[in-house]
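Taking it in order: structure first as structure tokens, then the write-up.
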Amino acid sequence: MSSNAKNKRRVGLVGAGWVTGYHLSAWQRLGDRVVLVGIADPNLEAAGARTAAFGIEKSYPSAESMFDAAGLDIVDICAPREHHAHLVRLAASLGIDVLCQKPLAVNLAEAEALVDSLPGSPRVMVHENWRFRAWYRRLKSWLDQGIAGDIRQVRLDFLSSGMLHDVDGLRPALVRQPFFARQQRLLVMEVLIHQLDSLRFLIGEMDVVAARLERSNSDIVAEDIAAITLRRQSDGVLVQLTGNLAVHGAPPAPRDQLRIVGTSGTLELNGNCLSAVGAIEQSETFDADATYQWSYDAAVAHFVDCLDSGEPFETSPQDNLETLRLVEDIYRLAAFDPATKPR
């Protein structure tokens, strides 16, 4: 492992988009263990803004140029998903440990081929931070304690008005993340993949029973409405997952609404409020903004901790394949045609 004089791991980022602000803040919090030495993006203005804001040594026009010059121990891949497989392969071939934003690849087949080709060393982790949110970690502990008893029903809703026109005639979801407009797979692959992974983390493996996808407007090419039914493999419990980015009365920036009904109690997450009702009654409210950044902090810290200890990653490439299998089955069962006219 290469290191600077203080024996810190040298970290470079690929990508300078919106999400990298959260990644870079997380890396800075590990300043006694790592040092940020480079950021690569063909948009040199965006890369330069990140280097200035976070005190990074240098920006590069491409991942390849950074890999050649920066002497990296770690690369954090935050580029668009169509570049993930290539960049993971390249970094791994150079002996660089990899943290890659979800999803691992653009589809299940590409992800499976990538995983099959990866060497045993260096190590690769998928950055799936949703399950690291404080309320999901607490909810998992409640489930493990048996507060819900035997689970009988699960429902998770992710509802937003972000695809509706605001008072300025804009769609807030497209203002915040303009790349949504051109995605061929949008709501499920880009957003609900988080909820699918979190449900797997909370209650175990599932199969997709049915799925319906729709598109609400002609400013996008893919789905922004989804209704999905899953079945837990261990006992057949049904899980309902809905997502809709065009809901009148919902906030533009949605938060999860999750209800787990069990024989001993009902556990409910409503945005940043977590509660248990039944044999044991308790509640907890989280700071939503702090929890959002903390999930990035926790995912990045988990990655570095596992590099140090040799322990397996919670969100390994193999684990991400299980989430991608659900995603692939949803698109297959929905038979959604992006060319279909919106309602």
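Residue numbering restarts at 1 for every chain of the structure tokens, chains are lettered A, B, ... in their displayed order, and ligands are numbered from 1 as they appear.
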
Cut-off 10 Å: closest segment 146-200 of chain A/segment 300-324 of chain A atom pairs per residue, using only C-alpha atoms, as CSV:
```
residue,atom,partner,partner_atom,distance
A:Met189,CA,A:Leu324,CA,8.4
A:Ile193,CA,A:Thr323,CA,7.0
A:His194,CA,A:Thr323,CA,8.9
A:Gln195,CA,A:Thr323,CA,9.7
A:Leu196,CA,A:Thr323,CA,6.5
A:Asp197,CA,A:Thr323,CA,5.7
A:Ser198,CA,A:Thr323,CA,9.5
A:Leu199,CA,A:Thr323,CA,9.8
A:Arg200,CA,A:Thr323,CA,7.9
```

Given the selection you just returned, output its residues as a file containing all heavy atoms, formatted as an mmCIF file, in the first residue's frame.
```cif
data_model
loop_
_atom_site.group_PDB
_atom_site.id
_atom_site.type_symbol
_atom_site.label_atom_id
_atom_site.label_comp_id
_atom_site.auth_asym_id
_atom_site.auth_seq_id
_atom_site.Cartn_x
_atom_site.Cartn_y
_atom_site.Cartn_z
ATOM 1 N N MET A 189 -34.377 1.852 -11.005
ATOM 2 C CA MET A 189 -32.920 1.694 -11.025
ATOM 3 C C MET A 189 -32.202 2.807 -10.281
ATOM 4 O O MET A 189 -31.177 2.578 -9.625
ATOM 5 C CB MET A 189 -32.411 1.617 -12.461
ATOM 6 C CG MET A 189 -30.892 1.502 -12.595
ATOM 7 S SD MET A 189 -30.202 0.013 -11.830
ATOM 8 C CE MET A 189 -30.210 -1.114 -13.225
ATOM 9 N N ILE A 193 -34.096 1.377 -5.991
ATOM 10 C CA ILE A 193 -33.027 0.418 -5.698
ATOM 11 C C ILE A 193 -32.556 0.574 -4.250
ATOM 12 O O ILE A 193 -32.192 -0.406 -3.591
ATOM 13 C CB ILE A 193 -31.858 0.595 -6.697
ATOM 14 C CG1 ILE A 193 -30.850 -0.555 -6.571
ATOM 15 C CG2 ILE A 193 -31.182 1.943 -6.528
ATOM 16 C CD1 ILE A 193 -29.786 -0.535 -7.656
ATOM 17 N N HIS A 194 -32.608 1.818 -3.730
ATOM 18 C CA HIS A 194 -32.259 2.065 -2.332
ATOM 19 C C HIS A 194 -33.237 1.360 -1.395
ATOM 20 O O HIS A 194 -32.839 0.717 -0.422
ATOM 21 C CB HIS A 194 -32.299 3.561 -2.029
ATOM 22 C CG HIS A 194 -31.231 4.368 -2.664
ATOM 23 N ND1 HIS A 194 -29.891 4.145 -2.470
ATOM 24 C CD2 HIS A 194 -31.308 5.455 -3.477
ATOM 25 C CE1 HIS A 194 -29.175 5.049 -3.136
ATOM 26 N NE2 HIS A 194 -30.017 5.847 -3.748
ATOM 27 N N GLN A 195 -34.530 1.531 -1.677
ATOM 28 C CA GLN A 195 -35.542 0.927 -0.806
ATOM 29 C C GLN A 195 -35.495 -0.596 -0.882
ATOM 30 O O GLN A 195 -35.679 -1.272 0.139
ATOM 31 C CB GLN A 195 -36.929 1.446 -1.183
ATOM 32 C CG GLN A 195 -37.261 2.837 -0.681
ATOM 33 C CD GLN A 195 -36.592 3.945 -1.472
ATOM 34 O OE1 GLN A 195 -36.041 3.718 -2.555
ATOM 35 N NE2 GLN A 195 -36.638 5.160 -0.943
ATOM 36 N N LEU A 196 -35.249 -1.130 -2.071
ATOM 37 C CA LEU A 196 -35.132 -2.580 -2.210
ATOM 38 C C LEU A 196 -33.963 -3.106 -1.379
ATOM 39 O O LEU A 196 -34.084 -4.124 -0.685
ATOM 40 C CB LEU A 196 -34.954 -2.953 -3.680
ATOM 41 C CG LEU A 196 -36.175 -2.737 -4.574
ATOM 42 C CD1 LEU A 196 -35.776 -2.801 -6.047
ATOM 43 C CD2 LEU A 196 -37.269 -3.765 -4.274
ATOM 44 N N ASP A 197 -32.833 -2.432 -1.445
ATOM 45 C CA ASP A 197 -31.678 -2.851 -0.660
ATOM 46 C C ASP A 197 -31.967 -2.730 0.837
ATOM 47 O O ASP A 197 -31.610 -3.617 1.620
ATOM 48 C CB ASP A 197 -30.459 -2.011 -1.024
ATOM 49 C CG ASP A 197 -29.232 -2.401 -0.212
ATOM 50 O OD1 ASP A 197 -28.586 -3.399 -0.562
ATOM 51 O OD2 ASP A 197 -28.939 -1.717 0.788
ATOM 52 N N SER A 198 -32.625 -1.642 1.244
ATOM 53 C CA SER A 198 -32.928 -1.448 2.659
ATOM 54 C C SER A 198 -33.898 -2.503 3.172
ATOM 55 O O SER A 198 -33.762 -2.992 4.304
ATOM 56 C CB SER A 198 -33.501 -0.045 2.884
ATOM 57 O OG SER A 198 -32.546 0.942 2.549
ATOM 58 N N LEU A 199 -34.881 -2.868 2.361
ATOM 59 C CA LEU A 199 -35.804 -3.934 2.752
ATOM 60 C C LEU A 199 -35.079 -5.265 2.898
ATOM 61 O O LEU A 199 -35.348 -6.036 3.826
ATOM 62 C CB LEU A 199 -36.935 -4.048 1.731
ATOM 63 C CG LEU A 199 -37.988 -2.934 1.778
ATOM 64 C CD1 LEU A 199 -38.884 -2.988 0.547
ATOM 65 C CD2 LEU A 199 -38.829 -3.029 3.048
ATOM 66 N N ARG A 200 -34.159 -5.553 1.997
ATOM 67 C CA ARG A 200 -33.353 -6.771 2.121
ATOM 68 C C ARG A 200 -32.564 -6.743 3.426
ATOM 69 O O ARG A 200 -32.470 -7.762 4.125
ATOM 70 C CB ARG A 200 -32.391 -6.903 0.947
ATOM 71 C CG ARG A 200 -33.037 -7.235 -0.384
ATOM 72 C CD ARG A 200 -31.959 -7.424 -1.479
ATOM 73 N NE ARG A 200 -30.960 -8.384 -1.056
ATOM 74 C CZ ARG A 200 -29.674 -8.084 -0.850
ATOM 75 N NH1 ARG A 200 -29.215 -6.865 -1.032
ATOM 76 N NH2 ARG A 200 -28.824 -9.029 -0.452
#
```

Using only C-alpha atoms, which protein or nucleic acid residues come within 6 Å of Gln240 of chain A? Drop anything in the same chain fewer than 2 positions from it, and give the result as a PyMOL selection string.
chain A and resi 155+228-229

Can you tell me, as a PDB file with C-alpha atoms, in the first residue's frame, what residues are no more than 8 Å from Gly38 of chain A when counting only C-alpha atoms, ignoring any on the same chain fewer than 4 positions away?
```pdb
ATOM      1  CA  VAL A  11      -8.021   8.746  -2.047  1.00  0.00           C
ATOM      2  CA  GLY A  12      -9.226  10.004  -5.416  1.00  0.00           C
ATOM      3  CA  LEU A  13     -12.778  10.645  -6.594  1.00  0.00           C
ATOM      4  CA  THR A  51     -10.802  20.850  -5.269  1.00  0.00           C
ATOM      5  CA  ILE A  56      -7.911  18.580  -2.722  1.00  0.00           C
ATOM      6  CA  GLU A  57      -4.446  18.599  -4.256  1.00  0.00           C
ATOM      7  CA  LYS A  58      -5.322  18.403  -7.948  1.00  0.00           C
ATOM      8  CA  SER A  59      -8.085  17.857 -10.514  1.00  0.00           C
ATOM      9  CA  TYR A  60      -7.772  15.648 -13.595  1.00  0.00           C
ATOM     10  CA  MET A  66      -5.627  10.449 -12.244  1.00  0.00           C
ATOM     11  CA  ALA A  70      -1.939  10.344  -8.278  1.00  0.00           C
TER      12      ALA A  70
END
```

Excluding Thr242 of chain A and any residue of its chain fewer than 2 positions from it, enumerate the residues within 8 Å of it, using only C-alpha atoms, and give them as an mmCIF file with N, CA, C and O atoms, in the first residue's frame.
```
data_model
loop_
_atom_site.group_PDB
_atom_site.id
_atom_site.type_symbol
_atom_site.label_atom_id
_atom_site.label_comp_id
_atom_site.auth_asym_id
_atom_site.auth_seq_id
_atom_site.Cartn_x
_atom_site.Cartn_y
_atom_site.Cartn_z
ATOM 1 N N LEU A 156 -43.865 -0.103 2.125
ATOM 2 C CA LEU A 156 -42.968 1.050 2.053
ATOM 3 C C LEU A 156 -43.417 1.934 0.893
ATOM 4 O O LEU A 156 -43.535 1.468 -0.241
ATOM 5 N N ASP A 157 -43.673 3.216 1.201
ATOM 6 C CA ASP A 157 -44.095 4.189 0.182
ATOM 7 C C ASP A 157 -43.057 5.296 0.076
ATOM 8 O O ASP A 157 -42.565 5.806 1.089
ATOM 9 N N PHE A 158 -42.762 5.663 -1.160
ATOM 10 C CA PHE A 158 -41.821 6.746 -1.458
ATOM 11 C C PHE A 158 -42.543 7.684 -2.414
ATOM 12 O O PHE A 158 -42.606 7.438 -3.627
ATOM 13 N N LEU A 159 -43.128 8.762 -1.874
ATOM 14 C CA LEU A 159 -44.022 9.630 -2.645
ATOM 15 C C LEU A 159 -43.490 11.054 -2.678
ATOM 16 O O LEU A 159 -43.032 11.586 -1.666
ATOM 17 N N ILE A 225 -43.368 6.264 -11.819
ATOM 18 C CA ILE A 225 -44.427 5.701 -10.985
ATOM 19 C C ILE A 225 -44.225 4.185 -10.952
ATOM 20 O O ILE A 225 -44.003 3.573 -11.996
ATOM 21 N N ALA A 226 -44.300 3.599 -9.749
ATOM 22 C CA ALA A 226 -44.086 2.156 -9.626
ATOM 23 C C ALA A 226 -44.954 1.587 -8.506
ATOM 24 O O ALA A 226 -45.110 2.206 -7.442
ATOM 25 N N ALA A 227 -45.519 0.417 -8.766
ATOM 26 C CA ALA A 227 -46.219 -0.366 -7.745
ATOM 27 C C ALA A 227 -45.680 -1.789 -7.823
ATOM 28 O O ALA A 227 -45.795 -2.438 -8.872
ATOM 29 N N ILE A 228 -45.084 -2.259 -6.740
ATOM 30 C CA ILE A 228 -44.336 -3.522 -6.748
ATOM 31 C C ILE A 228 -44.786 -4.392 -5.575
ATOM 32 O O ILE A 228 -44.925 -3.898 -4.445
ATOM 33 N N GLN A 240 -45.208 -4.717 0.051
ATOM 34 C CA GLN A 240 -45.670 -3.763 -0.953
ATOM 35 C C GLN A 240 -44.711 -2.577 -0.991
ATOM 36 O O GLN A 240 -44.413 -1.985 0.048
ATOM 37 N N ASN A 244 -43.812 7.086 -6.346
ATOM 38 C CA ASN A 244 -44.512 7.976 -7.270
ATOM 39 C C ASN A 244 -43.942 9.374 -7.081
ATOM 40 O O ASN A 244 -44.003 9.932 -5.975
#
```

Write out as a tab-separated table (two decimals) with N, CA, C and O atoms, in the first residue's frame which residues come within 10 Å of Thr285 of chain A when counting only C-alpha atoms, dropping same-chain ones fewer than 3 positions away.
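So the final result, stored in out15.tsv, reads:
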```tsv
chain	number	residue	atom	x	y	z
A	135	TRP	N	-32.07	5.85	11.11
A	135	TRP	CA	-33.36	5.25	11.47
A	135	TRP	C	-33.46	3.81	11.01
A	135	TRP	O	-34.11	2.99	11.66
A	269	LEU	N	-41.94	3.91	10.31
A	269	LEU	CA	-41.06	5.03	9.99
A	269	LEU	C	-41.84	6.01	9.14
A	269	LEU	O	-42.35	5.65	8.08
A	270	ASN	N	-41.97	7.23	9.62
A	270	ASN	CA	-42.65	8.29	8.88
A	270	ASN	C	-41.68	9.44	8.72
A	270	ASN	O	-41.56	10.30	9.59
A	271	GLY	N	-40.95	9.42	7.60
A	271	GLY	CA	-39.92	10.44	7.40
A	271	GLY	C	-38.77	10.22	8.36
A	271	GLY	O	-38.01	9.27	8.24
A	272	ASN	N	-38.65	11.13	9.32
A	272	ASN	CA	-37.55	11.04	10.29
A	272	ASN	C	-38.03	10.58	11.66
A	272	ASN	O	-37.29	10.67	12.64
A	273	CYS	N	-39.28	10.09	11.75
A	273	CYS	CA	-39.85	9.68	13.02
A	273	CYS	C	-40.07	8.17	13.02
A	273	CYS	O	-40.75	7.63	12.14
A	274	LEU	N	-39.51	7.50	14.02
A	274	LEU	CA	-39.59	6.06	14.13
A	274	LEU	C	-40.37	5.72	15.40
A	274	LEU	O	-40.13	6.30	16.45
A	275	SER	N	-41.31	4.76	15.29
A	275	SER	CA	-42.12	4.42	16.45
A	275	SER	C	-42.43	2.94	16.47
A	275	SER	O	-42.43	2.26	15.44
A	288	ALA	N	-33.23	14.99	10.23
A	288	ALA	CA	-33.26	14.44	8.87
A	288	ALA	C	-32.03	14.84	8.06
A	288	ALA	O	-31.43	14.00	7.37
```

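Non-sequential neighbours of Gly249 of chain A (distance at most 12 Å, separation of 6 or more positions within a chain, only C-alpha atoms) are Leu159, Ser160, Ser161, Gly162, Leu164 and Asp166 of chain A.
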
Could you write out that same residue set with N, CA and C atoms as a PDB file, in the first residue's frame?
```pdb
ATOM      1  N   LEU A 159     -43.128   8.762  -1.874  1.00  0.00           N
ATOM      2  CA  LEU A 159     -44.022   9.630  -2.645  1.00  0.00           C
ATOM      3  C   LEU A 159     -43.490  11.054  -2.678  1.00  0.00           C
ATOM      4  N   SER A 160     -43.581  11.679  -3.858  1.00  0.00           N
ATOM      5  CA  SER A 160     -43.020  13.008  -4.059  1.00  0.00           C
ATOM      6  C   SER A 160     -43.838  13.774  -5.092  1.00  0.00           C
ATOM      7  N   SER A 161     -43.785  15.089  -5.002  1.00  0.00           N
ATOM      8  CA  SER A 161     -44.377  15.945  -6.039  1.00  0.00           C
ATOM      9  C   SER A 161     -43.312  16.497  -6.977  1.00  0.00           C
ATOM     10  N   GLY A 162     -42.126  15.909  -6.934  1.00  0.00           N
ATOM     11  CA  GLY A 162     -40.989  16.463  -7.673  1.00  0.00           C
ATOM     12  C   GLY A 162     -41.143  16.506  -9.178  1.00  0.00           C
ATOM     13  N   LEU A 164     -44.054  17.195 -10.648  1.00  0.00           N
ATOM     14  CA  LEU A 164     -45.135  18.123 -10.970  1.00  0.00           C
ATOM     15  C   LEU A 164     -44.554  19.522 -11.136  1.00  0.00           C
ATOM     16  N   ASP A 166     -43.877  23.291 -10.481  1.00  0.00           N
ATOM     17  CA  ASP A 166     -44.015  24.189  -9.335  1.00  0.00           C
ATOM     18  C   ASP A 166     -44.521  25.549  -9.807  1.00  0.00           C
TER      19      ASP A 166
END
```

Just to confirm, what's the straight-line distance from atom CA of Gln184 of chain A to atom CA of Val221 of chain A in Å (one decimal)?
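A separation of 6.2 Å between them.
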
Just the residues within 12 Å of Asp73 of chain A, please, counting only C-alpha atoms, with nothing from its chain fewer than 3 positions along; format it as a VMD selection string.
chain A and resid 1 to 4 7 to 13 33 to 38 66 to 67 70 76 91 to 92 94 to 99 122 to 123 304 307

Please, what distance in Å, to one decimal, runs between atom CA of Arg255 of chain A and atom CA of Gly243 of chain A?
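Going from atom CA of Arg255 of chain A over to atom CA of Gly243 of chain A, I get 10.8 Å.
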